[in-house]
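Report on the structure given below.
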Amino acid sequence: MIIEMLEDGGSTEIQRNELAQKIGCVPSQINYVISSRFTPEHGYIVESRRGGGGYIRITRANFDVDTFKMHVVNSIGQQIDDSTCKAYVRNFYDRDLIDEKTAKLILAAVVGNAYKDIPKNYADTIRASIFKQILLNTL
């Protein structure tokens with residue numbers, strides 16, 4: 001429903017209580033959906049204002065490939081896990097910034113069995129470094 005609201009102009013303002021009533025859930029479930037599915041990794045910018053006239057504004061970030069690539073590189077930090085890598089790659093693919101073959105190649109390098117024998121904290125650090133290098137040198 002929120003994605004449909006975004007399709008009109010790439011941005012929407014939601015009043016949490018109003019939306020919760022409309023779809024028959026509690027407001028905290030709206031928070032959960034927004035915080036888990038509308039993240040920078042998924043290509044969204046979320047702003048909120050609390051209070052009587054409060055709202056949550058969700059905007060689909062529209063970056064050119066270089067800006068988006070640098071946004072991703074800067075947001076990765078020192079470590080990144082499998083699921084976050086997958087979300088970033090999916091976002092690049094969904095925005096037609098990479099083709100399917102390139103997406104599969106990147107995923108082969110940064111997720112799954114390639115890191116199975118490495119302790120998680122080291123694997124996430126190595127994965128972050130490799131993912132950044134792929135982004136900086138190939139896209």
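We label chains A, B, ... in the order they appear in the structure tokens, count residues from 1 in each chain, and number ligands from 1 in the order shown.
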
Counting only C-alpha atoms, what is within 12 Å of A:Tyr122, bar same-chain residues fewer than 4 positions away, as a PDB file with N, CA, C and O atoms, in the first residue's frame?
ATOM      1  N   GLN A  78      32.414  -0.224   8.244  1.00  0.00           N
ATOM      2  CA  GLN A  78      33.497  -1.208   8.331  1.00  0.00           C
ATOM      3  C   GLN A  78      33.024  -2.639   8.143  1.00  0.00           C
ATOM      4  O   GLN A  78      33.816  -3.522   7.855  1.00  0.00           O
ATOM      5  N   GLN A  79      31.717  -2.886   8.356  1.00  0.00           N
ATOM      6  CA  GLN A  79      31.179  -4.239   8.240  1.00  0.00           C
ATOM      7  C   GLN A  79      29.822  -4.196   7.545  1.00  0.00           C
ATOM      8  O   GLN A  79      29.112  -3.199   7.630  1.00  0.00           O
ATOM      9  N   ILE A  80      29.490  -5.309   6.878  1.00  0.00           N
ATOM     10  CA  ILE A  80      28.176  -5.438   6.254  1.00  0.00           C
ATOM     11  C   ILE A  80      27.808  -6.922   6.230  1.00  0.00           C
ATOM     12  O   ILE A  80      28.672  -7.775   6.015  1.00  0.00           O
ATOM     13  N   ASP A  81      26.547  -7.219   6.478  1.00  0.00           N
ATOM     14  CA  ASP A  81      26.112  -8.612   6.482  1.00  0.00           C
ATOM     15  C   ASP A  81      25.513  -9.013   5.134  1.00  0.00           C
ATOM     16  O   ASP A  81      25.321  -8.180   4.251  1.00  0.00           O
ATOM     17  N   TYR A 115      32.064 -17.159   2.423  1.00  0.00           N
ATOM     18  CA  TYR A 115      32.473 -16.730   3.757  1.00  0.00           C
ATOM     19  C   TYR A 115      32.134 -17.741   4.848  1.00  0.00           C
ATOM     20  O   TYR A 115      32.263 -17.444   6.030  1.00  0.00           O
ATOM     21  N   LYS A 116      31.737 -18.935   4.468  1.00  0.00           N
ATOM     22  CA  LYS A 116      31.238 -19.904   5.451  1.00  0.00           C
ATOM     23  C   LYS A 116      32.284 -20.352   6.462  1.00  0.00           C
ATOM     24  O   LYS A 116      31.946 -20.688   7.585  1.00  0.00           O
ATOM     25  N   ASP A 117      33.551 -20.380   6.110  1.00  0.00           N
ATOM     26  CA  ASP A 117      34.586 -20.858   7.022  1.00  0.00           C
ATOM     27  C   ASP A 117      35.286 -19.729   7.777  1.00  0.00           C
ATOM     28  O   ASP A 117      36.262 -19.974   8.486  1.00  0.00           O
ATOM     29  N   ILE A 118      34.783 -18.512   7.628  1.00  0.00           N
ATOM     30  CA  ILE A 118      35.383 -17.349   8.286  1.00  0.00           C
ATOM     31  C   ILE A 118      34.464 -16.910   9.422  1.00  0.00           C
ATOM     32  O   ILE A 118      33.249 -16.821   9.225  1.00  0.00           O
ATOM     33  N   ILE A 126      35.500  -8.298   5.866  1.00  0.00           N
ATOM     34  CA  ILE A 126      36.045  -8.628   4.541  1.00  0.00           C
ATOM     35  C   ILE A 126      34.998  -8.336   3.464  1.00  0.00           C
ATOM     36  O   ILE A 126      35.299  -7.752   2.422  1.00  0.00           O
ATOM     37  N   ARG A 127      33.758  -8.741   3.728  1.00  0.00           N
ATOM     38  CA  ARG A 127      32.657  -8.513   2.779  1.00  0.00           C
ATOM     39  C   ARG A 127      32.495  -7.023   2.489  1.00  0.00           C
ATOM     40  O   ARG A 127      32.327  -6.610   1.344  1.00  0.00           O
ATOM     41  N   ALA A 128      32.560  -6.192   3.521  1.00  0.00           N
ATOM     42  CA  ALA A 128      32.414  -4.742   3.342  1.00  0.00           C
ATOM     43  C   ALA A 128      33.521  -4.199   2.445  1.00  0.00           C
ATOM     44  O   ALA A 128      33.265  -3.410   1.526  1.00  0.00           O
ATOM     45  N   SER A 129      34.731  -4.629   2.695  1.00  0.00           N
ATOM     46  CA  SER A 129      35.863  -4.164   1.899  1.00  0.00           C
ATOM     47  C   SER A 129      35.724  -4.589   0.433  1.00  0.00           C
ATOM     48  O   SER A 129      35.917  -3.783  -0.485  1.00  0.00           O
TER      49      SER A 129
END

Worksheet item: Got a sec: who's within 9 Å of A:Val65, counting only C-alpha atoms, leaving out chain neighbours fewer than 3 positions off, as a ChimeraX atom specification?
Response: /A:68-70,92,97,139

Discussion item. Report as an NGL selection string all protein, DNA and RNA residues lying within 10 Å of A:Pro40, evaluated on only C-alpha atoms, omitting residues in the same chain fewer than 3 positions from it.
Written reply: :A and (35 or 37 or 43-46 or 60-61 or 71-72 or 75 or 87-88 or 91)

Export of prior selection with N, CA, C and O atoms as a PDB file, in the first residue's frame:
ATOM      1  N   SER A  35      10.480   0.929   9.290  1.00  0.00           N
ATOM      2  CA  SER A  35      11.887   0.808   9.707  1.00  0.00           C
ATOM      3  C   SER A  35      12.591  -0.394   9.097  1.00  0.00           C
ATOM      4  O   SER A  35      13.814  -0.404   8.980  1.00  0.00           O
ATOM      5  N   ARG A  37      11.551  -1.960   5.956  1.00  0.00           N
ATOM      6  CA  ARG A  37      11.431  -2.075   4.494  1.00  0.00           C
ATOM      7  C   ARG A  37      11.715  -0.794   3.733  1.00  0.00           C
ATOM      8  O   ARG A  37      11.957  -0.827   2.534  1.00  0.00           O
ATOM      9  N   GLY A  43      16.794   2.161  -0.732  1.00  0.00           N
ATOM     10  CA  GLY A  43      16.650   3.331  -1.599  1.00  0.00           C
ATOM     11  C   GLY A  43      15.607   4.337  -1.160  1.00  0.00           C
ATOM     12  O   GLY A  43      15.063   5.063  -2.000  1.00  0.00           O
ATOM     13  N   TYR A  44      15.349   4.435   0.136  1.00  0.00           N
ATOM     14  CA  TYR A  44      14.337   5.364   0.628  1.00  0.00           C
ATOM     15  C   TYR A  44      14.931   6.318   1.657  1.00  0.00           C
ATOM     16  O   TYR A  44      15.858   5.973   2.382  1.00  0.00           O
ATOM     17  N   ILE A  45      14.352   7.497   1.727  1.00  0.00           N
ATOM     18  CA  ILE A  45      14.692   8.470   2.755  1.00  0.00           C
ATOM     19  C   ILE A  45      13.431   8.648   3.596  1.00  0.00           C
ATOM     20  O   ILE A  45      12.353   8.907   3.059  1.00  0.00           O
ATOM     21  N   VAL A  46      13.555   8.470   4.906  1.00  0.00           N
ATOM     22  CA  VAL A  46      12.404   8.569   5.797  1.00  0.00           C
ATOM     23  C   VAL A  46      12.645   9.728   6.764  1.00  0.00           C
ATOM     24  O   VAL A  46      13.686   9.808   7.411  1.00  0.00           O
ATOM     25  N   ARG A  60      11.312   8.077  -2.246  1.00  0.00           N
ATOM     26  CA  ARG A  60      12.183   7.183  -3.016  1.00  0.00           C
ATOM     27  C   ARG A  60      13.350   8.020  -3.497  1.00  0.00           C
ATOM     28  O   ARG A  60      13.164   9.009  -4.216  1.00  0.00           O
ATOM     29  N   ALA A  61      14.541   7.682  -3.051  1.00  0.00           N
ATOM     30  CA  ALA A  61      15.730   8.440  -3.423  1.00  0.00           C
ATOM     31  C   ALA A  61      16.038   8.217  -4.901  1.00  0.00           C
ATOM     32  O   ALA A  61      16.116   7.076  -5.357  1.00  0.00           O
ATOM     33  N   HIS A  71      26.816   7.033  -2.172  1.00  0.00           N
ATOM     34  CA  HIS A  71      25.936   6.940  -1.004  1.00  0.00           C
ATOM     35  C   HIS A  71      26.057   5.547  -0.384  1.00  0.00           C
ATOM     36  O   HIS A  71      26.177   5.409   0.841  1.00  0.00           O
ATOM     37  N   VAL A  72      26.024   4.522  -1.207  1.00  0.00           N
ATOM     38  CA  VAL A  72      26.133   3.147  -0.717  1.00  0.00           C
ATOM     39  C   VAL A  72      27.498   2.919  -0.087  1.00  0.00           C
ATOM     40  O   VAL A  72      27.599   2.400   1.028  1.00  0.00           O
ATOM     41  N   SER A  75      27.730   4.529   3.247  1.00  0.00           N
ATOM     42  CA  SER A  75      26.850   3.998   4.282  1.00  0.00           C
ATOM     43  C   SER A  75      27.228   2.591   4.731  1.00  0.00           C
ATOM     44  O   SER A  75      26.734   2.118   5.751  1.00  0.00           O
ATOM     45  N   ALA A  87      20.262  -6.521  -0.264  1.00  0.00           N
ATOM     46  CA  ALA A  87      19.341  -5.385  -0.425  1.00  0.00           C
ATOM     47  C   ALA A  87      19.947  -4.316  -1.324  1.00  0.00           C
ATOM     48  O   ALA A  87      19.270  -3.782  -2.211  1.00  0.00           O
ATOM     49  N   TYR A  88      21.224  -4.009  -1.116  1.00  0.00           N
ATOM     50  CA  TYR A  88      21.886  -3.013  -1.965  1.00  0.00           C
ATOM     51  C   TYR A  88      21.929  -3.472  -3.421  1.00  0.00           C
ATOM     52  O   TYR A  88      21.621  -2.708  -4.339  1.00  0.00           O
ATOM     53  N   ASN A  91      18.622  -3.272  -5.021  1.00  0.00           N
ATOM     54  CA  ASN A  91      18.281  -1.882  -5.306  1.00  0.00           C
ATOM     55  C   ASN A  91      18.983  -1.391  -6.579  1.00  0.00           C
ATOM     56  O   ASN A  91      18.374  -0.722  -7.412  1.00  0.00           O
TER      57      ASN A  91
END

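For stretch 26-56 of chain A, a DSSP pass over the backbone yields alpha helix (DSSP H) at Pro27, Ser28, Gln29, Ile30, Asn31, Tyr32, Val33, Ile34, Ser35, Ser36 and Arg37 of chain A.
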
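Minimum atom-to-atom distance to A:Ala123, evaluated using only C-alpha atoms, belongs to A:Asp82 out of A:Glu13, A:Glu100, A:Asp82, A:Asp94.
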
Item to complete: List the neighbours of A:Asn31 out to 12 Å using only C-alpha atoms; skip same-chain residues closer than 5 positions along the sequence, and give me the result as number ranges by chain.
Response: A: 14-17, 19-20, 25-26, 36-39, 46, 48, 55-56

Keeping only N, CA, C and O atoms, write the selected residues as an mmCIF file, in the first residue's frame.
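Output (part19.cif):
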data_model
loop_
_atom_site.group_PDB
_atom_site.id
_atom_site.type_symbol
_atom_site.label_atom_id
_atom_site.label_comp_id
_atom_site.auth_asym_id
_atom_site.auth_seq_id
_atom_site.Cartn_x
_atom_site.Cartn_y
_atom_site.Cartn_z
ATOM 1 N N ILE A 14 2.592 10.104 5.504
ATOM 2 C CA ILE A 14 1.685 9.167 6.156
ATOM 3 C C ILE A 14 1.461 9.628 7.587
ATOM 4 O O ILE A 14 2.415 9.982 8.281
ATOM 5 N N GLN A 15 0.211 9.602 8.014
ATOM 6 C CA GLN A 15 -0.074 9.772 9.428
ATOM 7 C C GLN A 15 -0.256 8.366 9.971
ATOM 8 O O GLN A 15 -1.147 7.631 9.540
ATOM 9 N N ARG A 16 0.622 8.003 10.855
ATOM 10 C CA ARG A 16 0.718 6.623 11.339
ATOM 11 C C ARG A 16 -0.603 6.085 11.884
ATOM 12 O O ARG A 16 -1.052 5.005 11.500
ATOM 13 N N ASN A 17 -1.251 6.813 12.760
ATOM 14 C CA ASN A 17 -2.509 6.347 13.355
ATOM 15 C C ASN A 17 -3.601 6.183 12.305
ATOM 16 O O ASN A 17 -4.367 5.219 12.331
ATOM 17 N N LEU A 19 -3.233 5.590 9.041
ATOM 18 C CA LEU A 19 -2.947 4.435 8.206
ATOM 19 C C LEU A 19 -3.222 3.129 8.960
ATOM 20 O O LEU A 19 -3.774 2.191 8.395
ATOM 21 N N ALA A 20 -2.869 3.097 10.228
ATOM 22 C CA ALA A 20 -3.110 1.899 11.038
ATOM 23 C C ALA A 20 -4.607 1.594 11.114
ATOM 24 O O ALA A 20 -5.018 0.437 10.976
ATOM 25 N N CYS A 25 -4.535 -2.336 11.834
ATOM 26 C CA CYS A 25 -3.417 -2.825 12.642
ATOM 27 C C CYS A 25 -3.106 -1.784 13.711
ATOM 28 O O CYS A 25 -3.734 -0.730 13.768
ATOM 29 N N VAL A 26 -2.116 -2.073 14.529
ATOM 30 C CA VAL A 26 -1.700 -1.106 15.540
ATOM 31 C C VAL A 26 -0.594 -0.224 14.963
ATOM 32 O O VAL A 26 0.158 -0.655 14.082
ATOM 33 N N SER A 36 11.836 -1.410 8.673
ATOM 34 C CA SER A 36 12.492 -2.594 8.116
ATOM 35 C C SER A 36 12.488 -2.632 6.586
ATOM 36 O O SER A 36 13.341 -3.274 5.990
ATOM 37 N N ARG A 37 11.551 -1.960 5.956
ATOM 38 C CA ARG A 37 11.431 -2.075 4.494
ATOM 39 C C ARG A 37 11.715 -0.794 3.733
ATOM 40 O O ARG A 37 11.957 -0.827 2.534
ATOM 41 N N PHE A 38 11.688 0.330 4.420
ATOM 42 C CA PHE A 38 11.915 1.608 3.751
ATOM 43 C C PHE A 38 13.187 2.236 4.321
ATOM 44 O O PHE A 38 13.171 3.293 4.935
ATOM 45 N N THR A 39 14.294 1.550 4.096
ATOM 46 C CA THR A 39 15.589 1.946 4.632
ATOM 47 C C THR A 39 16.452 2.558 3.527
ATOM 48 O O THR A 39 16.159 2.391 2.339
ATOM 49 N N VAL A 46 13.555 8.470 4.906
ATOM 50 C CA VAL A 46 12.404 8.569 5.797
ATOM 51 C C VAL A 46 12.645 9.728 6.764
ATOM 52 O O VAL A 46 13.686 9.808 7.411
ATOM 53 N N SER A 48 10.498 12.099 9.840
ATOM 54 C CA SER A 48 9.282 12.091 10.649
ATOM 55 C C SER A 48 9.209 13.348 11.500
ATOM 56 O O SER A 48 10.228 13.959 11.821
ATOM 57 N N TYR A 55 3.786 13.499 11.062
ATOM 58 C CA TYR A 55 3.693 12.682 9.861
ATOM 59 C C TYR A 55 4.980 11.889 9.701
ATOM 60 O O TYR A 55 5.985 12.154 10.363
ATOM 61 N N ILE A 56 4.934 10.943 8.812
ATOM 62 C CA ILE A 56 6.123 10.232 8.366
ATOM 63 C C ILE A 56 6.186 10.456 6.866
ATOM 64 O O ILE A 56 5.237 10.130 6.148
#

Practice prompt. For A:Ile130, please output as a PyMOL selection string all residues within 12 Å (counting only C-alpha atoms; exclusion window: fewer than 2 positions along the same chain).
Written response: chain A and resi 73+76+78-80+85+106-111+114-115+123-128+132-138

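Take the candidates A:Lys101, A:Arg57, A:Lys120, A:Lys86 and check each one against A:Ser11 using only C-alpha atoms; the shortest distance goes to A:Arg57.
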